[in-house]
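Okay, input-v2.csv now, which holds CSV, N, CA, C and O atoms:
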```csv
chain,number,residue,atom,x,y,z
L,95,MET,N,127.3,89.2,109.5
L,95,MET,CA,126.6,90.5,109.7
L,95,MET,C,125.3,90.1,110.4
L,95,MET,O,124.6,89.1,110.1
L,96,GLY,N,124.9,90.9,111.3
L,96,GLY,CA,123.7,90.7,112.1
L,96,GLY,C,122.4,91.1,111.3
L,96,GLY,O,122.5,91.8,110.3
L,97,LYS,N,121.3,90.8,111.9
L,97,LYS,CA,120.0,91.2,111.2
L,97,LYS,C,119.8,92.7,111.5
L,97,LYS,O,120.2,93.2,112.5
L,98,ILE,N,119.0,93.3,110.6
L,98,ILE,CA,118.6,94.7,110.8
L,98,ILE,C,117.2,94.7,111.3
L,98,ILE,O,116.3,94.1,110.6
L,99,ASN,N,116.9,95.4,112.4
L,99,ASN,CA,115.6,95.5,112.9
L,99,ASN,C,115.0,96.8,112.2
L,99,ASN,O,115.2,97.9,112.7
L,100,ILE,N,114.2,96.5,111.2
L,100,ILE,CA,113.7,97.7,110.4
L,100,ILE,C,112.6,98.5,111.2
L,100,ILE,O,112.3,99.6,110.8
L,101,SER,N,112.1,97.9,112.2
L,101,SER,CA,111.0,98.6,113.0
L,101,SER,C,111.6,99.9,113.7
L,101,SER,O,110.8,100.8,114.0
L,102,VAL,N,112.9,99.9,113.9
L,102,VAL,CA,113.4,101.1,114.5
L,102,VAL,C,113.9,102.2,113.5
L,102,VAL,O,114.4,103.2,113.8
L,103,LEU,N,113.8,101.8,112.2
L,103,LEU,CA,114.3,102.7,111.1
L,103,LEU,C,113.2,103.6,110.7
L,103,LEU,O,112.0,103.2,110.7
L,104,GLY,N,113.5,104.8,110.2
L,104,GLY,CA,112.6,105.7,109.7
L,104,GLY,C,112.3,105.4,108.2
L,104,GLY,O,112.9,104.6,107.6
L,105,TYR,N,111.3,106.1,107.7
L,105,TYR,CA,110.9,105.9,106.3
L,105,TYR,C,112.1,106.0,105.3
L,105,TYR,O,112.3,105.2,104.5
L,106,ASP,N,112.9,107.1,105.5
L,106,ASP,CA,114.0,107.3,104.5
L,106,ASP,C,115.0,106.2,104.6
L,106,ASP,O,115.6,105.8,103.6
L,107,GLU,N,115.3,105.7,105.8
L,107,GLU,CA,116.2,104.6,106.0
L,107,GLU,C,115.7,103.3,105.4
L,107,GLU,O,116.5,102.6,104.8
L,108,ARG,N,114.4,103.0,105.6
L,108,ARG,CA,113.8,101.8,105.0
L,108,ARG,C,113.9,101.9,103.5
L,108,ARG,O,114.2,100.9,102.8
L,109,ALA,N,113.5,103.1,103.0
L,109,ALA,CA,113.5,103.3,101.5
L,109,ALA,C,114.9,103.1,101.0
L,109,ALA,O,115.1,102.5,99.9
L,110,ALA,N,115.9,103.6,101.7
L,110,ALA,CA,117.3,103.5,101.2
L,110,ALA,C,117.7,102.0,101.1
L,110,ALA,O,118.4,101.6,100.2
L,111,LEU,N,117.3,101.2,102.1
L,111,LEU,CA,117.6,99.8,102.1
L,111,LEU,C,117.0,99.1,100.9
L,111,LEU,O,117.7,98.3,100.2
L,112,VAL,N,115.8,99.4,100.6
L,112,VAL,CA,115.1,98.8,99.5
L,112,VAL,C,115.7,99.2,98.2
L,112,VAL,O,116.0,98.4,97.3
L,113,CYS,N,116.0,100.5,98.1
L,113,CYS,CA,116.6,101.0,96.8
L,113,CYS,C,118.0,100.4,96.6
L,113,CYS,O,118.4,100.1,95.5
L,114,MET,N,118.8,100.3,97.7
L,114,MET,CA,120.1,99.7,97.5
L,114,MET,C,120.0,98.2,97.1
L,114,MET,O,120.8,97.8,96.2
L,115,TYR,N,119.1,97.5,97.7
L,115,TYR,CA,118.9,96.1,97.3
L,115,TYR,C,118.5,96.0,95.8
L,115,TYR,O,119.1,95.2,95.1
L,116,LEU,N,117.5,96.8,95.4
L,116,LEU,CA,117.1,96.7,94.0
L,116,LEU,C,118.2,97.2,93.0
L,116,LEU,O,118.4,96.6,91.9
L,117,ALA,N,119.0,98.2,93.5
L,117,ALA,CA,120.1,98.7,92.6
L,117,ALA,C,121.2,97.6,92.4
L,117,ALA,O,121.9,97.6,91.4
L,118,ARG,N,121.4,96.8,93.4
L,118,ARG,CA,122.4,95.8,93.3
L,118,ARG,C,122.0,94.6,92.4
L,118,ARG,O,122.9,93.8,92.0
L,119,LEU,N,120.7,94.4,92.1
L,119,LEU,CA,120.3,93.3,91.3
L,119,LEU,C,120.5,93.7,89.8
L,119,LEU,O,120.3,94.8,89.4
L,120,ARG,N,120.9,92.7,89.1
L,120,ARG,CA,121.1,92.9,87.6
L,120,ARG,C,119.7,92.9,87.0
L,120,ARG,O,118.8,92.3,87.4
L,121,SER,N,119.6,93.7,85.9
L,121,SER,CA,118.3,93.8,85.2
L,121,SER,C,117.8,92.5,84.7
L,121,SER,O,116.6,92.3,84.4
L,122,ASP,N,118.7,91.5,84.4
L,122,ASP,CA,118.2,90.2,83.9
L,122,ASP,C,118.0,89.2,85.1
L,122,ASP,O,117.7,88.1,84.8
L,123,ASP,N,118.1,89.7,86.3
L,123,ASP,CA,117.9,88.8,87.5
L,123,ASP,C,116.4,88.6,87.6
L,123,ASP,O,115.6,89.6,87.6
L,124,SER,N,115.9,87.4,87.8
L,124,SER,CA,114.5,87.1,87.9
L,124,SER,C,113.9,87.8,89.1
L,124,SER,O,112.7,88.2,89.0
L,125,ARG,N,114.6,88.0,90.1
L,125,ARG,CA,114.0,88.7,91.3
L,125,ARG,C,113.7,90.1,91.0
L,125,ARG,O,112.8,90.7,91.5
L,126,TYR,N,114.5,90.7,90.0
L,126,TYR,CA,114.3,92.1,89.6
L,126,TYR,C,113.1,92.2,88.6
L,126,TYR,O,112.2,92.9,88.8
L,127,LYS,N,113.3,91.4,87.5
L,127,LYS,CA,112.3,91.5,86.4
L,127,LYS,C,110.9,91.1,86.8
L,127,LYS,O,109.9,91.8,86.5
L,128,GLN,N,110.8,90.0,87.5
L,128,GLN,CA,109.4,89.4,87.8
L,128,GLN,C,108.8,90.0,89.0
L,128,GLN,O,107.6,90.1,89.2
L,129,ASN,N,109.6,90.4,90.0
L,129,ASN,CA,109.1,90.8,91.3
L,129,ASN,C,109.2,92.3,91.6
L,129,ASN,O,108.7,92.7,92.7
L,130,ARG,N,109.8,93.1,90.8
L,130,ARG,CA,110.0,94.5,91.2
L,130,ARG,C,108.7,95.2,91.5
L,130,ARG,O,108.6,95.8,92.6
L,131,THR,N,107.8,95.2,90.6
L,131,THR,CA,106.5,95.9,90.9
L,131,THR,C,105.8,95.3,92.0
L,131,THR,O,105.3,96.0,92.9
L,132,LYS,N,105.7,94.0,92.1
L,132,LYS,CA,105.0,93.3,93.1
L,132,LYS,C,105.7,93.6,94.5
L,132,LYS,O,105.0,93.8,95.5
L,133,MET,N,107.0,93.6,94.5
L,133,MET,CA,107.7,93.9,95.7
L,133,MET,C,107.4,95.3,96.2
L,133,MET,O,107.2,95.6,97.4
L,134,LEU,N,107.5,96.3,95.3
L,134,LEU,CA,107.2,97.7,95.6
L,134,LEU,C,105.8,97.9,96.1
L,134,LEU,O,105.6,98.6,97.1
L,135,LYS,N,104.8,97.2,95.5
L,135,LYS,CA,103.4,97.3,95.9
L,135,LYS,C,103.3,96.7,97.3
L,135,LYS,O,102.5,97.2,98.2
L,136,HIS,N,103.9,95.5,97.6
L,136,HIS,CA,103.9,94.9,98.9
L,136,HIS,C,104.4,95.8,100.0
L,136,HIS,O,103.9,96.0,101.0
L,137,LEU,N,105.6,96.5,99.7
L,137,LEU,CA,106.2,97.4,100.6
L,137,LEU,C,105.3,98.6,100.9
L,137,LEU,O,105.2,99.1,102.0
L,138,GLU,N,104.6,99.0,99.9
L,138,GLU,CA,103.7,100.1,100.0
L,138,GLU,C,102.6,99.8,101.0
L,138,GLU,O,102.3,100.5,101.9
L,139,GLU,N,102.0,98.6,100.9
L,139,GLU,CA,101.0,98.1,101.8
L,139,GLU,C,101.5,97.8,103.2
L,139,GLU,O,100.9,98.2,104.2
L,140,LYS,N,102.6,97.1,103.3
L,140,LYS,CA,103.1,96.5,104.5
L,140,LYS,C,103.8,97.6,105.4
L,140,LYS,O,103.6,97.6,106.6
L,141,LEU,N,104.6,98.4,104.7
L,141,LEU,CA,105.5,99.3,105.5
L,141,LEU,C,105.1,100.8,105.3
L,141,LEU,O,105.7,101.7,105.9
L,142,GLY,N,104.1,101.1,104.5
L,142,GLY,CA,103.6,102.5,104.4
L,142,GLY,C,104.4,103.3,103.4
L,142,GLY,O,104.4,104.5,103.5
L,143,PHE,N,105.1,102.6,102.5
L,143,PHE,CA,105.9,103.4,101.5
L,143,PHE,C,104.9,103.9,100.5
L,143,PHE,O,103.8,103.3,100.2
L,144,SER,N,105.3,105.0,99.8
L,144,SER,CA,104.5,105.5,98.7
L,144,SER,C,105.2,104.8,97.5
L,144,SER,O,106.4,105.0,97.2
L,145,TYR,N,104.4,104.1,96.7
L,145,TYR,CA,104.9,103.4,95.5
L,145,TYR,C,105.7,104.3,94.6
L,145,TYR,O,106.8,104.0,94.2
L,146,GLY,N,105.1,105.4,94.2
L,146,GLY,CA,105.7,106.3,93.3
L,146,GLY,C,107.0,106.9,93.8
L,146,GLY,O,108.0,107.0,93.1
L,147,LYS,N,107.0,107.3,95.0
L,147,LYS,CA,108.2,107.9,95.6
L,147,LYS,C,109.3,106.9,95.7
L,147,LYS,O,110.5,107.1,95.4
L,148,LEU,N,109.0,105.7,96.1
L,148,LEU,CA,109.9,104.6,96.3
L,148,LEU,C,110.5,104.2,94.9
L,148,LEU,O,111.7,104.0,94.7
L,149,LYS,N,109.7,104.2,93.9
L,149,LYS,CA,110.1,103.8,92.5
L,149,LYS,C,111.1,104.9,92.0
L,149,LYS,O,112.1,104.6,91.4
L,150,ASN,N,110.8,106.2,92.3
L,150,ASN,CA,111.6,107.3,91.9
L,150,ASN,C,113.0,107.2,92.6
L,150,ASN,O,114.0,107.5,92.1
L,151,ASP,N,112.9,107.0,93.9
L,151,ASP,CA,114.1,106.8,94.7
L,151,ASP,C,115.0,105.7,94.2
L,151,ASP,O,116.2,105.8,94.1
L,152,LYS,N,114.4,104.6,93.8
L,152,LYS,CA,115.1,103.4,93.3
L,152,LYS,C,115.8,103.8,92.0
L,152,LYS,O,117.0,103.5,91.8
L,153,ASP,N,115.1,104.6,91.2
L,153,ASP,CA,115.7,105.0,89.9
L,153,ASP,C,116.9,105.9,90.1
L,153,ASP,O,117.9,105.8,89.4
L,154,VAL,N,116.8,106.8,91.1
L,154,VAL,CA,118.0,107.7,91.4
L,154,VAL,C,119.2,106.9,91.9
L,154,VAL,O,120.3,107.1,91.5
L,155,VAL,N,118.9,105.9,92.8
L,155,VAL,CA,120.0,105.1,93.3
L,155,VAL,C,120.6,104.3,92.2
L,155,VAL,O,121.8,104.1,92.0
L,156,MET,N,119.8,103.7,91.3
L,156,MET,CA,120.3,102.9,90.2
L,156,MET,C,121.1,103.7,89.2
L,156,MET,O,122.1,103.2,88.7
L,157,ALA,N,120.7,105.0,89.0
L,157,ALA,CA,121.5,105.8,88.1
L,157,ALA,C,122.9,106.1,88.7
L,157,ALA,O,123.9,106.2,88.0
L,158,ALA,N,122.9,106.3,90.0
L,158,ALA,CA,124.2,106.6,90.7
L,158,ALA,C,125.1,105.3,90.7
L,158,ALA,O,126.3,105.5,90.7
L,159,VAL,N,124.5,104.1,90.8
L,159,VAL,CA,125.3,102.9,90.9
L,159,VAL,C,125.9,102.5,89.5
L,159,VAL,O,127.0,102.0,89.4
L,160,THR,N,125.1,102.7,88.5
L,160,THR,CA,125.5,102.3,87.1
L,160,THR,C,126.4,103.3,86.4
L,160,THR,O,126.6,104.4,86.8
```
Write-out of the structure in structure tokens:
Amino acid sequence: MGKINISVLGYDERAALVCMYLARLRSDDSRYKQNRTKMLKHLEEKLGFSYGKLKNDKDVVMAAVT
């Protein structure tokens, strides 16, 4: 699979990628437990995400996946 150029994606598409990534991690995965909040805060700063909206979107995706 090729790389995804996120600079051409809109906010909703970027958020969907992040939410799908987090939803696929198991809750006992160290990347999820230790880095979830730090990751979401970094994305808020770097890519202009709203932390609260992204966290809510992640919760919706996780509920649909489980």
Within 8 Å of Ala110 (chain L), counting only N, CA, C and O atoms, which residues qualify if same-chain residues fewer than 6 places away don't, as a PyMOL selection string? chain L and resi 104+116-117+151-152+155
Write out as a ChimeraX atom specification the residues lying within 8 Å of region 127-136 of chain L, counting only C-alpha atoms and excluding same-chain residues fewer than 3 positions away. /L:116,121-124,139-140,145,148-149
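Pairwise distance (CA of Tyr105 (chain L), CA of Gly142 (chain L)) equals 8.3 Å.
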Using only C-alpha atoms, which residue out of L:Val102, L:Tyr126, L:Tyr115, L:Ala109 lies closest to Lys147 (chain L)?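 That would be L:Ala109, the residue with the smallest distance to Lys147 (chain L).
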So how many Å separate atom C of Arg118 (chain L) and atom C of Asn150 (chain L), to one decimal?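 The value is 15.5 Å.
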Quick one, how far is CA of Asp106 (chain L) from CA of Gly146 (chain L)?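 Distance between the two atoms: 14.0 Å.
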List every residue of chain L that DSSP, applied to the backbone of this structure, assigns to helix (DSSP H, G or I), and report them as an MDAnalysis selection string. chainID L and resid 100:102 105:118 124:127 130:141 145:159
C-alpha atoms of region 99-159 of chain L from block above, as a PDB file, in the first residue's frame:
```
ATOM      1  CA  ASN L  99      -0.514  12.414   1.542  1.00  0.00           C
ATOM      2  CA  ILE L 100      -2.569  13.915   4.356  1.00  0.00           C
ATOM      3  CA  SER L 101      -1.922  17.466   3.193  1.00  0.00           C
ATOM      4  CA  VAL L 102      -4.549  17.005   0.483  1.00  0.00           C
ATOM      5  CA  LEU L 103      -7.153  15.599   2.879  1.00  0.00           C
ATOM      6  CA  GLY L 104      -9.797  17.691   4.601  1.00  0.00           C
ATOM      7  CA  TYR L 105     -10.387  17.845   8.339  1.00  0.00           C
ATOM      8  CA  ASP L 106     -13.045  15.132   8.358  1.00  0.00           C
ATOM      9  CA  GLU L 107     -10.869  12.751   6.346  1.00  0.00           C
ATOM     10  CA  ARG L 108      -7.860  13.344   8.601  1.00  0.00           C
ATOM     11  CA  ALA L 109      -9.999  12.843  11.693  1.00  0.00           C
ATOM     12  CA  ALA L 110     -11.406   9.625  10.248  1.00  0.00           C
ATOM     13  CA  LEU L 111      -7.887   8.230   9.715  1.00  0.00           C
ATOM     14  CA  VAL L 112      -6.887   9.017  13.295  1.00  0.00           C
ATOM     15  CA  CYS L 113     -10.115   7.578  14.694  1.00  0.00           C
ATOM     16  CA  MET L 114      -9.785   4.377  12.680  1.00  0.00           C
ATOM     17  CA  TYR L 115      -6.174   3.970  13.814  1.00  0.00           C
ATOM     18  CA  LEU L 116      -7.093   4.404  17.478  1.00  0.00           C
ATOM     19  CA  ALA L 117     -10.140   2.162  17.154  1.00  0.00           C
ATOM     20  CA  ARG L 118      -8.010  -0.681  15.829  1.00  0.00           C
ATOM     21  CA  LEU L 119      -5.645  -0.569  18.825  1.00  0.00           C
ATOM     22  CA  ARG L 120      -6.504  -2.820  21.735  1.00  0.00           C
ATOM     23  CA  SER L 121      -7.146  -1.010  25.015  1.00  0.00           C
ATOM     24  CA  ASP L 122      -4.196  -2.827  26.589  1.00  0.00           C
ATOM     25  CA  ASP L 123      -1.823  -1.742  23.793  1.00  0.00           C
ATOM     26  CA  SER L 124       0.858   0.595  25.137  1.00  0.00           C
ATOM     27  CA  ARG L 125       0.454   2.900  22.136  1.00  0.00           C
ATOM     28  CA  TYR L 126      -3.174   3.382  23.129  1.00  0.00           C
ATOM     29  CA  LYS L 127      -2.901   3.608  26.912  1.00  0.00           C
ATOM     30  CA  GLN L 128       0.218   5.721  27.233  1.00  0.00           C
ATOM     31  CA  ASN L 129      -0.014   7.878  24.149  1.00  0.00           C
ATOM     32  CA  ARG L 130      -3.709   8.450  23.409  1.00  0.00           C
ATOM     33  CA  THR L 131      -4.039  11.845  25.094  1.00  0.00           C
ATOM     34  CA  LYS L 132      -0.545  12.956  24.061  1.00  0.00           C
ATOM     35  CA  MET L 133      -1.254  11.892  20.475  1.00  0.00           C
ATOM     36  CA  LEU L 134      -4.577  13.740  20.347  1.00  0.00           C
ATOM     37  CA  LYS L 135      -3.007  16.898  21.848  1.00  0.00           C
ATOM     38  CA  HIS L 136      -0.165  16.730  19.299  1.00  0.00           C
ATOM     39  CA  LEU L 137      -2.642  16.393  16.433  1.00  0.00           C
ATOM     40  CA  GLU L 138      -4.593  19.330  17.794  1.00  0.00           C
ATOM     41  CA  GLU L 139      -1.466  21.502  17.685  1.00  0.00           C
ATOM     42  CA  LYS L 140       0.076  20.170  14.474  1.00  0.00           C
ATOM     43  CA  LEU L 141      -2.935  19.603  12.238  1.00  0.00           C
ATOM     44  CA  GLY L 142      -5.526  21.950  13.674  1.00  0.00           C
ATOM     45  CA  PHE L 143      -7.805  19.294  15.149  1.00  0.00           C
ATOM     46  CA  SER L 144     -10.112  20.159  17.995  1.00  0.00           C
ATOM     47  CA  TYR L 145      -9.128  17.829  20.853  1.00  0.00           C
ATOM     48  CA  GLY L 146     -12.681  17.479  22.175  1.00  0.00           C
ATOM     49  CA  LYS L 147     -14.251  16.832  18.778  1.00  0.00           C
ATOM     50  CA  LEU L 148     -11.559  14.355  17.817  1.00  0.00           C
ATOM     51  CA  LYS L 149     -11.936  12.490  21.121  1.00  0.00           C
ATOM     52  CA  ASN L 150     -15.718  12.314  20.624  1.00  0.00           C
ATOM     53  CA  ASP L 151     -15.284  11.123  17.028  1.00  0.00           C
ATOM     54  CA  LYS L 152     -12.839   8.457  18.247  1.00  0.00           C
ATOM     55  CA  ASP L 153     -15.368   7.262  20.818  1.00  0.00           C
ATOM     56  CA  VAL L 154     -18.076   6.979  18.139  1.00  0.00           C
ATOM     57  CA  VAL L 155     -15.804   4.934  15.850  1.00  0.00           C
ATOM     58  CA  MET L 156     -14.700   2.705  18.731  1.00  0.00           C
ATOM     59  CA  ALA L 157     -18.324   2.041  19.694  1.00  0.00           C
ATOM     60  CA  ALA L 158     -19.104   1.035  16.112  1.00  0.00           C
ATOM     61  CA  VAL L 159     -16.083  -1.258  15.845  1.00  0.00           C
TER      62      VAL L 159
END
```
